Number of protein chains: 2
Amino acid sequence: MQADPFSAQCPSRQVLDRIGDRWSVLVILTLADGRKRYGEVASAIEGVSQKMLTQTLRGLERDGLVTRTVHAEVPPRVDYELTRLGRSLLGAVGALTDWATVHIDDVVEARASYDGRR
Amino acid sequence: MQADPFSAQCPSRQVLDRIGDRWSVLVILTLADGRKRYGEVASAIEGVSQKMLTQTLRGLERDGLVTRTVHAEVPPRVDYELTRLGRSLLGAVGALTDWATVHIDDVVEARASYDGRR
DNA sequence: TCCAATGCTTCCCGTTGGAGAGTAGGCACC
DNA sequence: GGTGCCTACTCTCCAACGGGAAGCATTGGA
């Protein structure tokens, strides 16, 4: 299959859109160290609404990046875990967060300079 | 500075939010092979609206990832180019797109399976 | 009887993004 | 002299998206 992220129809673009989603990267990062319940993921990521977390998790499940396991208990319990495919993404995502942590200061400085310039 | 992408206030989260923006990655990728005019970037990325392209470019400029050069000509000409900081992101972004191109088929298959199951 | 716990789902509404038209301003052409 | 063109925006209008809060289902416990 010919991959061209610049073409709107190409699946690689859609994959990029998923990764380039505000919450997906954070969810994947959260699940990096193993299986977690819905509530654990929710409290780990500051600022997600329940709606978006559910939506994000469903999207990741659909793309085969996480598995969703429902336990027939009361109160209900749902576990999420990265699949092998999902774990294969950790390298790339890690590179991104590493870059972010290393270059925070540069970016903050650039912003201050840009904002002060006006 | 203590980096914690999971905290909404932390700059690293904001940096991640920028990268995890639908268009930023595509713009950075487009500028990977050198300086480009606004119109060139616009036609390279299928599906961006002018508004969002301008907004994305301004955001990247603010964060010190691209430079914006206005030439006093008629018709107007504006060049965009990655800064050193911006180029330092290429590795991480490249890893992401590489993953996307390598795993397209897996994702497409997972989607088909998920959609068919319901 | 009423509440708590958990993972959603639904509703309302403010914010965001897309489509398309408008703008500036010097230049070529009739 | 008037008309139109060129590019990089900028503005306006409207639909879609996302956040907040409340509702739901189920069953054990005070």
# chains A, B, ... in the order shown; residues from 1 in each chain; ligands from 1
call {"tool": "interface_residues", "arguments": {"of": "chain D", "to": "chain B", "cutoff": "7 Å", "atoms": "only C-alpha atoms (C1' of nucleotides)", "output": "number ranges by chain"}}
result
D: 6-8
call {"tool": "write_last_selection", "arguments": {"atoms": "C-alpha atoms (C1' of nucleotides)", "output": "PDB file, in the first residue's frame"}}
result
ATOM      1  C1'  DC D   6      -1.798  38.062  -7.821  1.00  0.00           C
ATOM      2  C1'  DT D   7      -0.914  36.349  -2.889  1.00  0.00           C
ATOM      3  C1'  DA D   8      -1.445  35.950   1.862  1.00  0.00           C
TER       4       DA D   8
END
call {"tool": "closest_atom_pairs", "arguments": {"of": "chain B", "to": "chain A", "cutoff": "6 Å", "atoms": "only C-alpha atoms", "output": "tab-separated table"}}
result
residue	atom	partner	partner_atom	distance
B:Ala3	CA	A:Thr101	CA	5.7
B:Phe6	CA	A:Ile45	CA	5.2
B:Ser7	CA	A:Glu46	CA	5.6
B:Ala8	CA	A:Glu46	CA	5.8
B:Ser12	CA	A:Ala100	CA	5.4
B:Asp17	CA	A:Arg22	CA	5.9
B:Gly20	CA	A:Gly20	CA	4.2
B:Asp21	CA	A:Gly20	CA	5.4
B:Arg22	CA	A:Gly20	CA	5.3
B:Ile45	CA	A:Phe6	CA	5.2
B:Glu46	CA	A:Ser7	CA	5.6
B:Arg62	CA	A:Arg111	CA	5.2
B:Asp63	CA	A:Val107	CA	5.1
B:Gly64	CA	A:Ala110	CA	5.1
B:Ala92	CA	A:Ala95	CA	5.2
B:Ala95	CA	A:Ala92	CA	5.2
B:Leu96	CA	A:Ala92	CA	5.3
B:Ala100	CA	A:Ser12	CA	5.4
B:Thr101	CA	A:Ala3	CA	5.7
B:Ile104	CA	A:Ser12	CA	5.8
B:Val107	CA	A:Asp63	CA	5.1
B:Ala110	CA	A:Gly64	CA	5.1
B:Arg111	CA	A:Arg62	CA	5.2
B:Tyr114	CA	A:Arg62	CA	5.6
call {"tool": "interface_residues", "arguments": {"of": "chain C", "to": "chain B", "cutoff": "9 Å", "atoms": "only C-alpha atoms (C1' of nucleotides)", "output": "list in words"}}
result
DG17, DG18, DA19, DG25, DG26 and DC27 of chain C
call {"tool": "write_last_selection", "arguments": {"atoms": "C-alpha atoms (C1' of nucleotides)", "output": "compact mmCIF listing (two decimals), in the first residue's frame"}}
result
# COMPACT_ATOMS: atom_id res chain seq x y z
C1' DG C 17 -13.19 24.96 12.59
C1' DG C 18 -14.63 25.05 7.55
C1' DA C 19 -16.37 27.52 3.30
C1' DG C 25 -1.67 47.37 -3.27
C1' DG C 26 1.34 47.71 -7.00
C1' DC C 27 1.41 46.18 -11.94
call {"tool": "residues_around", "arguments": {"residues": "D:DG23", "least_positions_apart": "6", "cutoff": "12 Å", "atoms": "only C-alpha atoms (C1' of nucleotides)", "output": "list in words"}}
result
DC8, DT9, DT10 and DC11 of chain C
call {"tool": "select_by_dssp", "arguments": {"residues": "chain A", "states": "alpha helix (DSSP H)", "output": "count of residues only"}}
result
69
call {"tool": "residues_around", "arguments": {"residues": "C:DC30", "least_positions_apart": "2", "cutoff": "10 Å", "atoms": "only C-alpha atoms (C1' of nucleotides)", "output": "list of chain:residue names"}}
result
C:DA28, D:DG2, D:DT3
call {"tool": "write_last_selection", "arguments": {"atoms": "C-alpha atoms (C1' of nucleotides)", "output": "mmCIF file, in the first residue's frame"}}
result
data_model
loop_
_atom_site.group_PDB
_atom_site.id
_atom_site.type_symbol
_atom_site.label_atom_id
_atom_site.label_comp_id
_atom_site.auth_asym_id
_atom_site.auth_seq_id
_atom_site.Cartn_x
_atom_site.Cartn_y
_atom_site.Cartn_z
ATOM 1 C "C1'" DA C 28 0.011 44.718 -16.700
ATOM 2 C "C1'" DG D 2 -10.206 51.890 -15.514
ATOM 3 C "C1'" DT D 3 -10.180 46.873 -14.962
#
call {"tool": "residues_around", "arguments": {"residues": "C:DG22", "least_positions_apart": "6", "cutoff": "12 Å", "atoms": "only C-alpha atoms (C1' of nucleotides)", "output": "list in words"}}
result
DC9, DT10, DC11 and DT12 of chain D
call {"tool": "decode", "arguments": {"residues": "chain C", "atoms": "C-alpha atoms (C1' of nucleotides)", "output": "compact mmCIF listing (two decimals), in the first residue's frame"}}
result
# COMPACT_ATOMS: atom_id res chain seq x y z
C1' DT C 1 -35.13 2.91 52.17
C1' DC C 2 -31.56 5.33 50.51
C1' DC C 3 -27.00 5.71 49.10
C1' DA C 4 -22.51 4.55 47.16
C1' DA C 5 -19.64 2.81 43.48
C1' DT C 6 -18.43 2.66 38.38
C1' DG C 7 -18.49 3.26 33.53
C1' DC C 8 -20.72 5.08 30.53
C1' DT C 9 -24.57 8.04 27.84
C1' DT C 10 -27.35 12.04 27.04
C1' DC C 11 -28.44 16.90 26.96
C1' DC C 12 -27.31 21.72 26.76
C1' DC C 13 -24.50 25.21 25.30
C1' DG C 14 -20.20 27.73 24.44
C1' DT C 15 -16.11 27.28 21.42
C1' DT C 16 -13.87 25.79 17.36
C1' DG C 17 -13.19 24.96 12.59
C1' DG C 18 -14.63 25.05 7.55
C1' DA C 19 -16.37 27.52 3.30
C1' DG C 20 -16.33 31.28 0.90
C1' DA C 21 -16.07 36.14 0.17
C1' DG C 22 -13.48 40.32 1.02
C1' DT C 23 -8.92 43.13 1.43
C1' DA C 24 -4.43 45.46 0.24
C1' DG C 25 -1.67 47.37 -3.27
C1' DG C 26 1.34 47.71 -7.00
C1' DC C 27 1.41 46.18 -11.94
C1' DA C 28 0.01 44.72 -16.70
C1' DC C 29 -3.17 45.41 -20.23
C1' DC C 30 -6.76 47.69 -23.03
